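Read through the structure below, which is laid out as structure tokens, and then see the notes.
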Amino acid sequence: MREAPKNRIAKDALKAWKLTAIIVMSVFWALTIGGFVLVYFMDWSYWVISFIAAGVAILTYVTVFLIPKIRWRRWRYEVFDQEIYIQHGILIVSRVLVPMIRVQHVDTKQGPILKKYRLASLTISTAATTHEIPALPEAEAEELRDQISVLARVDEDDV
């Protein structure tokens with residue numbers, strides 16, 4: 001089997017993913033607190049909502065602290081002259097080879113959370129699918145986008 005790709009995404013990806021998870025989990029906590037308020041005013045039993053709160057607490061720990069670390073450790077990529085090699089996954093690790101000749105366009109994108117940490121995601125589109133390398137430093141993402149664009153054009157001209 002082929003060796004894993006050498007390049008990692010930015011370490012700040014952990015911060016960005018944790019912040020995203022905190023925002024998402026705050027919705028669940030708001031609903032849980034709303035459930036406690038409803039139980040208090042309706043004079044119902046607390047054990048059901050307490051069970052739900054315990055589940056939300058466990059889910060919060062997993063999504064905020066465990067998943068970002070595992071996700072960051074598994075995300076790797078490497079760009080060669082003829083292909084792009086991407087590895088990602090948490091439970092199931094996928095290794096994808098994207099031939100340069102199949103690349104149709106390359107984009108960088110940056111939402112407010114990635115912008116806060118000066119990160120950007122690189123999106124590589126082929127006729128069949130779209131592949132993403134998340135959370136690269138802005139300069140590296142732009143440089144990689146330009147490099148892949150040049151390599152894809154060279155491969156296209158060689159055919």
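Chains: A, B, ... in order of the structure tokens. Residues: from 1 per chain. Ligands: from 1, in order shown.
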
>> List as a VMD selection string the protein and nucleic acid residues near range 130-137 of chain A, meaning an atom at most 7 Å away when only C-alpha atoms are counted, but skip any in the same chain fewer than 2 places from it.
In response: chain A and resid 9 to 10 13 114 118 to 126 139 to 141

Write out the residues from the selection above, keeping C-alpha atoms, as a PDB file, in the first residue's frame.
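What follows is the written file again.pdb:
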```
ATOM      1  CA  ILE A   9      -3.501  21.040   7.321  1.00  0.00           C
ATOM      2  CA  ALA A  10      -2.969  24.003   9.676  1.00  0.00           C
ATOM      3  CA  ALA A  13      -7.930  24.014  12.163  1.00  0.00           C
ATOM      4  CA  LEU A 114     -11.839  30.310   8.997  1.00  0.00           C
ATOM      5  CA  ARG A 118      -6.566  33.236   8.716  1.00  0.00           C
ATOM      6  CA  LEU A 119      -7.394  29.908   7.128  1.00  0.00           C
ATOM      7  CA  ALA A 120      -9.009  28.933   3.834  1.00  0.00           C
ATOM      8  CA  SER A 121     -10.291  25.709   2.295  1.00  0.00           C
ATOM      9  CA  LEU A 122      -9.200  24.528  -1.119  1.00  0.00           C
ATOM     10  CA  THR A 123     -11.882  22.994  -3.347  1.00  0.00           C
ATOM     11  CA  ILE A 124     -10.854  20.839  -6.303  1.00  0.00           C
ATOM     12  CA  SER A 125     -13.613  20.088  -8.814  1.00  0.00           C
ATOM     13  CA  THR A 126     -13.655  17.338 -11.407  1.00  0.00           C
ATOM     14  CA  ALA A 139      -1.168  32.039   1.679  1.00  0.00           C
ATOM     15  CA  GLU A 140      -0.632  28.292   1.344  1.00  0.00           C
ATOM     16  CA  ALA A 141      -4.171  27.768   0.028  1.00  0.00           C
TER      17      ALA A 141
END
```

>> List the spatial neighbours of range 99-104 of chain A as JSON, numbers by chain - criterion: any atom at most 7 Å away, only C-alpha atoms, same-chain residues fewer than 2 positions off excluded.
In response: {"A": [82, 83, 84, 97, 124, 125, 126, 127, 151, 152, 155, 156]}

>> DSSP on the backbone: which residues in range 18-142 of chain A end up as helix (DSSP H, G or I)? Give the answer as a VMD selection string.
In response: chain A and resid 18 to 42 47 to 74 100 to 102 112 to 116 138 to 142

Suppose we keep C-alpha atoms; can you now write the selection as a PDB file, in the first residue's frame?
```pdb
ATOM      1  CA  LYS A  18     -13.865  23.490  18.056  1.00  0.00           C
ATOM      2  CA  LEU A  19     -15.474  26.914  17.691  1.00  0.00           C
ATOM      3  CA  THR A  20     -17.861  25.554  15.049  1.00  0.00           C
ATOM      4  CA  ALA A  21     -18.771  22.633  17.324  1.00  0.00           C
ATOM      5  CA  ILE A  22     -19.370  24.987  20.263  1.00  0.00           C
ATOM      6  CA  ILE A  23     -21.740  27.082  18.148  1.00  0.00           C
ATOM      7  CA  VAL A  24     -23.673  24.004  17.016  1.00  0.00           C
ATOM      8  CA  MET A  25     -23.802  22.514  20.509  1.00  0.00           C
ATOM      9  CA  SER A  26     -25.052  25.799  21.980  1.00  0.00           C
ATOM     10  CA  VAL A  27     -28.284  25.207  20.048  1.00  0.00           C
ATOM     11  CA  PHE A  28     -28.670  21.812  21.733  1.00  0.00           C
ATOM     12  CA  TRP A  29     -27.916  23.350  25.138  1.00  0.00           C
ATOM     13  CA  ALA A  30     -30.511  26.081  24.540  1.00  0.00           C
ATOM     14  CA  LEU A  31     -33.099  23.404  23.721  1.00  0.00           C
ATOM     15  CA  THR A  32     -32.096  21.414  26.821  1.00  0.00           C
ATOM     16  CA  ILE A  33     -32.394  24.471  29.064  1.00  0.00           C
ATOM     17  CA  GLY A  34     -35.741  25.201  27.443  1.00  0.00           C
ATOM     18  CA  GLY A  35     -36.764  21.648  28.330  1.00  0.00           C
ATOM     19  CA  PHE A  36     -35.820  22.208  31.975  1.00  0.00           C
ATOM     20  CA  VAL A  37     -37.878  25.425  32.035  1.00  0.00           C
ATOM     21  CA  LEU A  38     -40.825  23.629  30.447  1.00  0.00           C
ATOM     22  CA  VAL A  39     -40.575  20.764  32.954  1.00  0.00           C
ATOM     23  CA  TYR A  40     -40.445  23.256  35.842  1.00  0.00           C
ATOM     24  CA  PHE A  41     -43.540  25.156  34.760  1.00  0.00           C
ATOM     25  CA  MET A  42     -45.524  22.093  33.660  1.00  0.00           C
ATOM     26  CA  TRP A  47     -35.602  12.444  34.959  1.00  0.00           C
ATOM     27  CA  VAL A  48     -36.312  12.527  31.194  1.00  0.00           C
ATOM     28  CA  ILE A  49     -34.833  15.978  30.646  1.00  0.00           C
ATOM     29  CA  SER A  50     -31.907  15.096  32.954  1.00  0.00           C
ATOM     30  CA  PHE A  51     -31.197  12.047  30.788  1.00  0.00           C
ATOM     31  CA  ILE A  52     -31.304  14.277  27.684  1.00  0.00           C
ATOM     32  CA  ALA A  53     -28.943  16.807  29.353  1.00  0.00           C
ATOM     33  CA  ALA A  54     -26.470  14.011  30.131  1.00  0.00           C
ATOM     34  CA  GLY A  55     -26.604  12.930  26.488  1.00  0.00           C
ATOM     35  CA  VAL A  56     -26.004  16.507  25.309  1.00  0.00           C
ATOM     36  CA  ALA A  57     -23.058  16.796  27.727  1.00  0.00           C
ATOM     37  CA  ILE A  58     -21.466  13.640  26.323  1.00  0.00           C
ATOM     38  CA  LEU A  59     -22.149  14.767  22.756  1.00  0.00           C
ATOM     39  CA  THR A  60     -20.586  18.154  23.534  1.00  0.00           C
ATOM     40  CA  TYR A  61     -17.410  16.526  24.846  1.00  0.00           C
ATOM     41  CA  VAL A  62     -17.131  14.264  21.817  1.00  0.00           C
ATOM     42  CA  THR A  63     -17.805  16.954  19.191  1.00  0.00           C
ATOM     43  CA  VAL A  64     -15.762  19.726  20.791  1.00  0.00           C
ATOM     44  CA  PHE A  65     -12.739  17.846  22.138  1.00  0.00           C
ATOM     45  CA  LEU A  66     -12.371  14.387  20.537  1.00  0.00           C
ATOM     46  CA  ILE A  67     -13.505  14.675  16.927  1.00  0.00           C
ATOM     47  CA  PRO A  68     -11.422  17.759  15.983  1.00  0.00           C
ATOM     48  CA  LYS A  69      -8.207  16.103  17.264  1.00  0.00           C
ATOM     49  CA  ILE A  70      -8.833  12.856  15.406  1.00  0.00           C
ATOM     50  CA  ARG A  71      -9.937  14.715  12.290  1.00  0.00           C
ATOM     51  CA  TRP A  72      -6.789  16.873  12.307  1.00  0.00           C
ATOM     52  CA  ARG A  73      -4.496  13.864  12.789  1.00  0.00           C
ATOM     53  CA  ARG A  74      -6.019  12.026   9.823  1.00  0.00           C
ATOM     54  CA  MET A 100      -4.554  16.365 -12.665  1.00  0.00           C
ATOM     55  CA  ILE A 101      -6.005  15.686 -16.090  1.00  0.00           C
ATOM     56  CA  ARG A 102      -9.491  15.450 -14.471  1.00  0.00           C
ATOM     57  CA  PRO A 112     -16.146  33.861   9.037  1.00  0.00           C
ATOM     58  CA  ILE A 113     -14.657  31.239  11.378  1.00  0.00           C
ATOM     59  CA  LEU A 114     -11.839  30.310   8.997  1.00  0.00           C
ATOM     60  CA  LYS A 115     -11.208  34.013   8.359  1.00  0.00           C
ATOM     61  CA  LYS A 116     -10.823  34.605  12.121  1.00  0.00           C
ATOM     62  CA  GLU A 138      -4.473  31.591   3.520  1.00  0.00           C
ATOM     63  CA  ALA A 139      -1.168  32.039   1.679  1.00  0.00           C
ATOM     64  CA  GLU A 140      -0.632  28.292   1.344  1.00  0.00           C
ATOM     65  CA  ALA A 141      -4.171  27.768   0.028  1.00  0.00           C
ATOM     66  CA  GLU A 142      -3.712  30.466  -2.621  1.00  0.00           C
TER      67      GLU A 142
END
```

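Checking A:Leu144, A:Ile92, A:Val106, A:Ala16 one by one against Phe80 in chain A, counting only C-alpha atoms, you find the shortest gap at A:Leu144.
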
> For the atom pair CA of Lys6 in chain A and CA of Leu91 in chain A, what is the interatomic distance in Å to one decimal place?
Replying inline: 20.1 Å

>> DSSP on the backbone: which residues in chain A end up as strand (DSSP E or B)? Give the answer as a ChimeraX atom specification.
In response: /A:7-8,76-79,83-88,94-99,103-109,119-126,130-137

Just-selected residues, C-alpha atoms written as a compact mmCIF listing (two decimals), in the first residue's frame:
```txt
# COMPACT_ATOMS: atom_id res chain seq x y z
CA ASN A 7 1.45 17.50 4.21
CA ARG A 8 -0.89 18.35 7.09
CA ARG A 76 -3.22 14.87 4.99
CA TYR A 77 -2.60 15.81 1.41
CA GLU A 78 0.14 15.92 -1.20
CA VAL A 79 0.30 17.44 -4.66
CA GLU A 83 -2.17 13.75 -9.21
CA ILE A 84 -3.41 15.08 -5.90
CA TYR A 85 -3.34 12.63 -3.00
CA ILE A 86 -5.82 13.27 -0.16
CA GLN A 87 -6.34 11.28 3.05
CA HIS A 88 -9.15 11.96 5.52
CA SER A 94 -10.29 7.45 2.79
CA ARG A 95 -7.34 7.88 0.49
CA VAL A 96 -8.22 9.61 -2.76
CA LEU A 97 -6.10 10.17 -5.85
CA VAL A 98 -7.34 12.97 -8.09
CA PRO A 99 -5.65 12.89 -11.52
CA VAL A 103 -9.27 18.75 -12.56
CA GLN A 104 -11.70 21.28 -14.04
CA HIS A 105 -11.27 24.13 -11.59
CA VAL A 106 -9.79 24.94 -8.21
CA ASP A 107 -11.28 27.40 -5.69
CA THR A 108 -10.46 28.70 -2.27
CA LYS A 109 -13.24 29.54 0.17
CA LEU A 119 -7.39 29.91 7.13
CA ALA A 120 -9.01 28.93 3.83
CA SER A 121 -10.29 25.71 2.29
CA LEU A 122 -9.20 24.53 -1.12
CA THR A 123 -11.88 22.99 -3.35
CA ILE A 124 -10.85 20.84 -6.30
CA SER A 125 -13.61 20.09 -8.81
CA THR A 126 -13.66 17.34 -11.41
CA THR A 130 -15.61 17.88 -5.64
CA HIS A 131 -12.75 17.35 -3.20
CA GLU A 132 -11.85 19.70 -0.37
CA ILE A 133 -8.69 20.28 1.61
CA PRO A 134 -9.92 22.21 4.66
CA ALA A 135 -8.22 24.77 6.87
CA LEU A 136 -5.01 25.65 5.12
CA PRO A 137 -3.19 28.90 5.93
```

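The spacing separating CA of Ile90 in chain A from CA of Ile148 in chain A amounts to 26.3 Å.
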